[in-house]
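Encoded as structure tokens, the structure appears first; notes follow it.
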Amino acid sequence: MTKSLFAVGVVLALAASPVAAQFETSEVLGTVRDSTNAAVPRAAVTLTNQETGIEAKTNTDDAGSYIFYNVKVGVYTVTVEGQGFSKATAPDITVDAGARQRVDMALQVGAVSETVTVTDAAALLETDSTEHSQVISSLASTELPLNGRNYADLALLSTNTVKSPIAISFAPSGTPREGAFNVNGMRSTYNNFLLDGLDNNAYGTSNQGYSAQLVQPSPDALSEFKIITSNYSAEYGRVGGAVVNAVLKSGTNQFHGSAYEFLRNTALNAGGFEFVQPYIKPPLQRNQFGVTVGGPIVKNKLFFFGDYEGFRQLQRYNNLDAIPTLTDRQGTLPVAVANPLTGALYPANTQIPIAQINKFAYDVLNSLPVPTISGRGSNYQALLLIRDYGDKFDGKIDGQINDKMSTFLRWSQRKDIQYYQPSMSTFAGGDGNGYIHVIDQNASGGYTWAINSSSLLEARMGFSRILGGKNPPFVGGPSLQALYGIQGLPTTPDITGGLNTQTISGFGTALGRQTSNPQFQNPTSWDPKVNFTKTIGRHSLKAGYEFLLIHTKILDVNPLYGQDTYNGNFSKPCLQMGLATGCTIPGQDSASYNLADFIFGLPAIVSQGSYTIVNLRQYVHSWYVQDDFRVTPKLTLNLGLRWDFATPLYEANNHYSNFDPATDTMKPATGGSLYQRSLVHPDYKDYGPRFGVAYSLDPKTVLRGAYGISYNFFNRPGSALEGINAPQALFGTFTQTMPQGGPVPSGFLTTMNSFTTGIANPSAFNPATQNVVYLPPDMRWPYIQNWFLSVQRQLARNTILEIAYNGNHSLRMPILADYNQANPSPAGQTLPLAARRPIQGWGPITWVDPAGNNHYNGLSARFEQRFNKGLYFLNSFTWGNAMGDSEGALEYFAAPGFGANPQNIHNLAAEKGPSSYDVKLNNVTSLVYELPFGKGKQFAGNAGTALNLLIGGWALNSINTVHTGLPIDVAYSTTPAAIDVTGLQNDYRGQMLIRPNVSGSAVQVSQSQMINNYFAGYTFTQPTPQAPFGNLGRNSFRSPGFEQWDLGVTKNFAIAESVRVQFRSEFFNLANRTNFGIPDPRVSDGAAFGQIRSTYPPRQIQFGLKVLF
């Protein structure tokens, strides 16, 4: 089947009626007329690249029209010669990536030896294209202040684009995903990154690499990039948000290059908001340095370009944790607790003899550092180290074989090594990412053949690979079996070391290691493309074929080293105090009972994963046809159709399985057909039409509108895949219950023997203790309908205003939930979770439910002044509304303001509300302004050397961002057992956060009151076991708004005719405005609930020095 589809694609690409693709290249087209406005046929048109000298020639047709294909990004001159007319030339034509740049020329009667220079031939309006896009030029990429120098951050300059929650980290210890932004309210994983027209997406099924794109070129290495937000050409697939098409620089006939270094350190940072005293400014030392160089190998024929950038950063940050107090560690709790194992009652403020009861708990508690702040909430502050060393480089060769054929080759690589010091460097510490290593590699090559003036053949090949993973800080240390005799956990040094995960609810940080550590992700992809172009009359017809092959090797089963969770379910002294089972003791804090459960060794939930490596496979066939039809000089239609066939994922060795609800069994994969290997029926019906219309109301106004359908076949949450499924891979979860205060039921597991049940042993697979995965066999890929309507008005030669409406409707979006979601308890009873499950004998079943339904509507205004006379200006304003019933797992960072999954999968109507990516108002203003003083400028243009040194060469560069707050989903982080319906612990496994009941309304408070009680005026209560789903709507609250002004001041010194030195001072958050983070939205977090203990960064200053030649 694969070979047949491949053959069909090649035939369609090579033999179909006129066909084409743009890749990273563009088209220059136009009409040649005389002074009477009549068409001039058979005029000779030459397009010359002003930097390489490479020329392309064609003739106008009978209608006076011409077109050049395969035009690379750059600056060009268009020259037209016709018999009986003077020669006309239009210099300095800037051609952007993927553009259809119109250059209409008017000839005057005269001698051929005469030359008329045309200065306004290039159209600023998009009269021949209906894609909604924003070009970020090389000038903007290199001159605008950019903290961290990630070029993709400049995508936020475009309308309908906001930073994704997964890209926001309020703690330096976070690993926000680079290049993650939400476009038109879509998930960030639905963006499609291209580099030189070929696939540059990171296909890891987790966050390894911590980037949405694979390689991240330096801004100094980019020619430009374009972000297409709506009505993508049919050549673009695997997209629902934006297409980001970046183009690496190429060499020219002259040697050009740069060397630079950027510096940030502690002294250049302002102090932040002081949540605790004394405030300690976090130490920082960052150096970012690099070189670029490009030039000719053979003039006009062969060119090279290369770049390197290094990153070295040592950083410490203020970390706040909530840990047990010294009194807690002595076993003296402020509430009465009971040990159900012995029946002993310990009244409030009576010491529990921990050493005699549980040596493990005693050692863990006494290995904790001494709290630095009184109380339980956020009571331990420490400066923790993060070390980040990175290197990346690109090498590219472009060749002009002859006047009809060209080729290129490119290799890019990024290496990043990070170390995160655990919050506590003792036995009980070890949390966080530990050691992270990532190597990203990307290669591409291309061949282009201009068969004749109206036909073009293009072929490309892309390759990419990620080698990424992480290990815990104490990896290789003694096992818990060796230290405490705890059986059932791994004992090999690649996994052992330190404490496993001990989660005591109500305390801010889990003790021990991060549950997802260790793991690795090694995706590899191949991406060949072939396209053909043909012009027939007023039709520019295009078609092409693309094949994408993805291999992913994964270790992503967790927690490999086990996790115990203590929820306070067992130490309330109901029995001892003569109260009813399941009693509620007024005025008692839940954190104390949670800690008492840990002291007595009574975990409510025991979790452990098996060591399983899987090798996933997926391939995608795509073909498309596109017709750009210039109906009249005022009307252009862009018509396209794309067909994608993406196979379901399967495993190389058929280690694959799926839950079968018809038989309540696990169905294994077998060799044979795609269905037999993937257990999901292939989806052959993904046809995506694209339709756009551009109509010029007058020479300075164009009305554009478009509609299209696109599909997405990439699912990042790898844990919800059948390859990581029982029985070949196990996510064991064992939930325990007993009457509060006892008696202890037979078989109850304590901390010391909690991992002896075989929940991580595939040969002992027990569906009652496992979290398995269910993908409906008939599920189809999600699809997105998008549309837009805009009016563009050219206000001046280089100034444009666009008012636009963008909308979309996404359907069949994957939602992670529990197929075996428990029912509420019957009236008058409080049943344990297992007893309430509809499929008895089975635990939670992660269900990839293709039922998500989301909408976006956005009104935007864009005012842009292209760089002219020293000024570039762009203002993008958006008034948007993203609504729906579902989010994407792994779409938000650990600062827990968001919830990916519904609280009740059987009532999605109750989930409809603002998306977690919904930012109502967003305005971004960017500016590059060369001050008009000094030699050759408007003022003091004849200044002498000394005066020019003082007043000349200055520039101001600025980005100002203002937007409303992000939605907040108030829920329980640890769901009380009586109302728990899933038992799942992670959003990427389908954890469903229960929301509370709410009453009251907001009240006006001061800033100090706000940061300590953000939800003042509201009362939150726990739902009942008979009605466990709260009445609070999803994302009902919003975080504080955001406002930041970044300013860059540069000074250029001319050293020689072609050499200059640039000194840069960049101020991020110039006004040092405090932008508060997300309040703790988890009702079960005790005193921390509703508190804001994070901010966006205070003012940061960066100095830079560049040498450019």
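Note on naming: chains are A, B, ... as they come in the structure tokens, residues start from 1 per chain, ligands start from 1 in the order shown.
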Residue neighbourhood segment 338-342 of chain A, 7 Å, only C-alpha atoms, exclusion window fewer than 5 positions, as an mmCIF file with N, CA and C atoms, in the first residue's frame:
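part05.cif was written with the following content:
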```
data_model
loop_
_atom_site.group_PDB
_atom_site.id
_atom_site.type_symbol
_atom_site.label_atom_id
_atom_site.label_comp_id
_atom_site.auth_asym_id
_atom_site.auth_seq_id
_atom_site.Cartn_x
_atom_site.Cartn_y
_atom_site.Cartn_z
ATOM 1 N N SER A 571 -5.683 8.894 58.627
ATOM 2 C CA SER A 571 -5.240 9.216 59.984
ATOM 3 C C SER A 571 -6.232 10.076 60.765
ATOM 4 N N LYS A 572 -7.374 10.433 60.154
ATOM 5 C CA LYS A 572 -8.383 11.133 60.944
ATOM 6 C C LYS A 572 -8.957 10.170 61.979
ATOM 7 N N PRO A 573 -9.027 10.578 63.239
ATOM 8 C CA PRO A 573 -9.392 9.637 64.309
ATOM 9 C C PRO A 573 -10.902 9.479 64.465
ATOM 10 N N PHE A 600 2.878 7.539 59.295
ATOM 11 C CA PHE A 600 2.455 6.176 59.598
ATOM 12 C C PHE A 600 2.719 5.220 58.437
ATOM 13 N N GLY A 741 -9.337 6.043 60.532
ATOM 14 C CA GLY A 741 -9.069 5.586 61.896
ATOM 15 C C GLY A 741 -9.025 4.084 62.024
ATOM 16 N N GLY A 742 -9.329 3.342 60.936
ATOM 17 C CA GLY A 742 -9.265 1.891 60.950
ATOM 18 C C GLY A 742 -10.655 1.271 60.901
ATOM 19 N N PRO A 743 -10.769 -0.031 60.948
ATOM 20 C CA PRO A 743 -9.630 -0.956 61.013
ATOM 21 C C PRO A 743 -8.954 -1.118 59.652
ATOM 22 N N VAL A 744 -7.736 -1.640 59.681
ATOM 23 C CA VAL A 744 -6.962 -1.804 58.465
ATOM 24 C C VAL A 744 -7.454 -3.032 57.708
#
```
Quiz item: Where does DSSP see strand (DSSP E or B) in segment 93-124 of chain A, if you list the residues as a VMD selection string?
Solution: chain A and resid 93 to 95 100 to 103 105 to 106 109 115 to 117 122
Write the residues of the selection above to a file with N, CA and C atoms, as a PDB file, in the first residue's frame.
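Dumped to again-v2.pdb:
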```
ATOM      1  N   ILE A  93      13.823  46.023  -5.407  1.00  0.00           N
ATOM      2  CA  ILE A  93      12.579  45.288  -5.190  1.00  0.00           C
ATOM      3  C   ILE A  93      12.840  44.218  -4.132  1.00  0.00           C
ATOM      4  N   THR A  94      12.242  44.347  -2.966  1.00  0.00           N
ATOM      5  CA  THR A  94      12.420  43.372  -1.889  1.00  0.00           C
ATOM      6  C   THR A  94      11.430  42.236  -2.069  1.00  0.00           C
ATOM      7  N   VAL A  95      11.946  41.015  -2.103  1.00  0.00           N
ATOM      8  CA  VAL A  95      11.111  39.824  -2.275  1.00  0.00           C
ATOM      9  C   VAL A  95      11.165  39.027  -0.972  1.00  0.00           C
ATOM     10  N   ARG A 100       4.097  36.457  -3.543  1.00  0.00           N
ATOM     11  CA  ARG A 100       3.772  36.667  -4.964  1.00  0.00           C
ATOM     12  C   ARG A 100       3.897  38.172  -5.186  1.00  0.00           C
ATOM     13  N   GLN A 101       5.133  38.589  -5.422  1.00  0.00           N
ATOM     14  CA  GLN A 101       5.442  40.015  -5.483  1.00  0.00           C
ATOM     15  C   GLN A 101       5.113  40.563  -6.869  1.00  0.00           C
ATOM     16  N   ARG A 102       4.163  41.481  -6.906  1.00  0.00           N
ATOM     17  CA  ARG A 102       3.771  42.088  -8.187  1.00  0.00           C
ATOM     18  C   ARG A 102       4.640  43.309  -8.459  1.00  0.00           C
ATOM     19  N   VAL A 103       5.185  43.351  -9.693  1.00  0.00           N
ATOM     20  CA  VAL A 103       5.961  44.498 -10.176  1.00  0.00           C
ATOM     21  C   VAL A 103       5.440  44.828 -11.571  1.00  0.00           C
ATOM     22  N   MET A 105       5.091  47.273 -14.805  1.00  0.00           N
ATOM     23  CA  MET A 105       5.986  48.233 -15.429  1.00  0.00           C
ATOM     24  C   MET A 105       5.272  48.957 -16.566  1.00  0.00           C
ATOM     25  N   ALA A 106       5.571  50.233 -16.693  1.00  0.00           N
ATOM     26  CA  ALA A 106       5.029  51.061 -17.782  1.00  0.00           C
ATOM     27  C   ALA A 106       6.185  51.527 -18.665  1.00  0.00           C
ATOM     28  N   VAL A 109       7.605  55.469 -25.017  1.00  0.00           N
ATOM     29  CA  VAL A 109       8.167  55.457 -26.359  1.00  0.00           C
ATOM     30  C   VAL A 109       9.487  56.203 -26.351  1.00  0.00           C
ATOM     31  N   THR A 115      17.223  54.912 -20.616  1.00  0.00           N
ATOM     32  CA  THR A 115      16.767  54.114 -19.484  1.00  0.00           C
ATOM     33  C   THR A 115      15.906  54.973 -18.568  1.00  0.00           C
ATOM     34  N   VAL A 116      14.724  54.469 -18.241  1.00  0.00           N
ATOM     35  CA  VAL A 116      13.811  55.139 -17.315  1.00  0.00           C
ATOM     36  C   VAL A 116      13.780  54.332 -16.020  1.00  0.00           C
ATOM     37  N   THR A 117      14.093  54.953 -14.904  1.00  0.00           N
ATOM     38  CA  THR A 117      14.083  54.277 -13.610  1.00  0.00           C
ATOM     39  C   THR A 117      12.727  54.466 -12.933  1.00  0.00           C
ATOM     40  N   ALA A 122       7.035  48.182  -7.300  1.00  0.00           N
ATOM     41  CA  ALA A 122       6.700  47.053  -6.430  1.00  0.00           C
ATOM     42  C   ALA A 122       5.437  47.349  -5.633  1.00  0.00           C
TER      43      ALA A 122
END
```
Quiz item: Of the candidates A:Ile759, A:Val981, A:Leu1047, A:Val45, which shows the shortest atom-to-atom distance to Ala1071 of chain A, using only C-alpha atoms?
Solution: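 Using only C-alpha atoms, the shortest distance to Ala1071 of chain A belongs to A:Leu1047.
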Give me, as a short mmCIF file (atom, residue, chain, number, x, y, z; two decimals) with N, CA and C atoms, in the first residue's frame, all polymer residues having an atom no more than 7 Å from segment 291-298 of chain A, counting only C-alpha atoms and skipping those fewer than 3 positions away in the same chain.
```
data_model
loop_
_atom_site.label_atom_id
_atom_site.label_comp_id
_atom_site.auth_asym_id
_atom_site.auth_seq_id
_atom_site.Cartn_x
_atom_site.Cartn_y
_atom_site.Cartn_z
N ALA A 221 21.59 34.82 11.52
CA ALA A 221 21.74 33.89 10.41
C ALA A 221 20.52 33.84 9.51
N SER A 250 22.06 33.25 2.57
CA SER A 250 22.94 32.63 1.59
C SER A 250 24.11 33.57 1.32
N GLY A 251 25.17 33.02 0.78
CA GLY A 251 26.31 33.83 0.39
C GLY A 251 26.01 34.68 -0.83
N THR A 252 26.79 35.73 -1.02
CA THR A 252 26.63 36.63 -2.16
C THR A 252 27.98 36.83 -2.83
N ASN A 253 28.02 37.74 -3.80
CA ASN A 253 29.27 38.01 -4.52
C ASN A 253 30.28 38.78 -3.68
N GLN A 254 29.86 39.29 -2.55
CA GLN A 254 30.77 39.96 -1.63
C GLN A 254 30.78 39.21 -0.31
N PHE A 255 31.92 39.25 0.35
CA PHE A 255 32.02 38.62 1.66
C PHE A 255 31.30 39.51 2.69
N HIS A 256 30.40 38.90 3.42
CA HIS A 256 29.68 39.59 4.49
C HIS A 256 29.72 38.72 5.73
N GLY A 257 29.70 39.37 6.87
CA GLY A 257 29.68 38.59 8.09
C GLY A 257 29.58 39.46 9.32
N SER A 258 29.64 38.81 10.45
CA SER A 258 29.55 39.53 11.72
C SER A 258 30.17 38.66 12.82
N ALA A 259 30.58 39.31 13.88
CA ALA A 259 31.01 38.65 15.11
C ALA A 259 30.37 39.41 16.26
N TYR A 260 29.88 38.72 17.25
CA TYR A 260 29.12 39.41 18.28
C TYR A 260 29.23 38.68 19.62
N LYS A 301 28.27 32.01 -9.33
CA LYS A 301 27.97 30.59 -9.53
C LYS A 301 27.79 29.82 -8.23
N LEU A 302 28.73 29.97 -7.32
CA LEU A 302 28.75 29.12 -6.14
C LEU A 302 29.02 29.97 -4.90
N PHE A 303 28.17 29.80 -3.86
CA PHE A 303 28.24 30.66 -2.69
C PHE A 303 28.16 29.82 -1.42
N PHE A 304 28.71 30.36 -0.33
CA PHE A 304 28.64 29.66 0.96
C PHE A 304 28.16 30.63 2.03
N PHE A 305 27.57 30.05 3.08
CA PHE A 305 27.21 30.81 4.28
C PHE A 305 27.32 29.88 5.47
N GLY A 306 27.86 30.40 6.57
CA GLY A 306 27.95 29.62 7.79
C GLY A 306 27.81 30.50 9.02
N ASP A 307 27.37 29.90 10.10
CA ASP A 307 27.25 30.66 11.35
C ASP A 307 27.41 29.72 12.53
N TYR A 308 27.84 30.30 13.65
CA TYR A 308 27.97 29.58 14.91
C TYR A 308 27.51 30.49 16.03
N GLU A 309 26.81 29.92 17.02
CA GLU A 309 26.45 30.69 18.21
C GLU A 309 26.62 29.82 19.44
#
```
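Closest to Gln1100 of chain A among A:Glu178, A:Asp778, A:Asp1046, A:Asp918 is A:Asp1046, based on only C-alpha atoms.
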Self-check item: Atom-to-atom span, atom CA of Thr647 of chain A and atom CA of Gly240 of chain A, Å
Solution: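 According to the coordinates, atom CA of Thr647 of chain A and atom CA of Gly240 of chain A are separated by 18.4 Å.
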Quiz item: Quick one: distance from atom CA of Asn318 of chain A to atom CA of Ala900 of chain A in Å, one decimal?
Solution: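 Going from atom CA of Asn318 of chain A over to atom CA of Ala900 of chain A, I get 28.4 Å.
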Quiz item: Using only C-alpha atoms, which of the listed residues (A:Tyr435, A:Ala726, A:Asn638, A:Thr632) sits closest to Tyr656 of chain A?
Solution: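 With only C-alpha atoms as the atom set, the closest residue is A:Ala726.
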Contact table segment 139-195 of chain A vs segment 811-829 of chain A, cut-off 12 Å, shortest pair per residue, only C-alpha atoms, as CSV:
```
residue,atom,partner,partner_atom,distance
A:Met186,CA,A:Met813,CA,10.5
A:Arg187,CA,A:Met813,CA,10.0
A:Tyr190,CA,A:Met813,CA,11.0
```
Quiz prompt | Point-to-point distance from atom CA of Thr89 of chain A to atom CA of Ser454 of chain A, Å rounded to tenths | solution =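 That distance, rounded to one decimal, is 22.2 Å.
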Self-check item: Polymer residues at most 8 Å from Leu333 of chain A, only C-alpha atoms, same-chain spacing of 4 or more positions, as a list in words
Solution: Thr327, Asp328, Ala348, Asn349, Thr350, Gln351 and Ser592 of chain A
Self-check item: For Gly568 of chain A: contacts at 6 Å, only C-alpha atoms, fewer than 3 positions along chain excluded, given as number ranges by chain
Solution: A: 593-594, 597
Quiz item: Looking at A:Asn184, A:Gln1009, A:Thr205, A:Asn37, which one is nearest to Met883 of chain A, with distances taken over only C-alpha atoms?
Solution: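 Using only C-alpha atoms, Met883 of chain A sits closest to A:Asn184.
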Quiz prompt | Best match for closeness to Arg149 of chain A among A:Val71, A:Gly290, A:Ile994, A:Glu51, counting only C-alpha atoms | solution =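 Counting only C-alpha atoms, the residue closest to Arg149 of chain A is A:Gly290.
Residues lying within 6 Å of Val40 of chain A, counting only C-alpha atoms and ignoring same-chain neighbours fewer than 3 positions away, are Val32, Arg33 and Gly64 of chain A.
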Output C-alpha atoms of each residue in that selection to a file, as a PDB file, in the first residue's frame.
```pdb
ATOM      1  CA  VAL A  32       3.979  45.472 -18.854  1.00  0.00           C
ATOM      2  CA  ARG A  33       1.942  48.260 -20.452  1.00  0.00           C
ATOM      3  CA  GLY A  64       1.753  41.653 -21.435  1.00  0.00           C
TER       4      GLY A  64
END
```
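Minimum atom-to-atom distances from A:Thr448, A:Thr975, A:Asn366, A:Leu801 to Gly331 of chain A were compared using only C-alpha atoms, and the lowest value belongs to A:Asn366.
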Quiz item: Leaving out Asn191 of chain A and any residue of its chain fewer than 2 positions from it, which residues lie within 6 Å of it when counting only C-alpha atoms, given as a PyMOL selection string?
Solution: chain A and resi 188-189+239+241-243
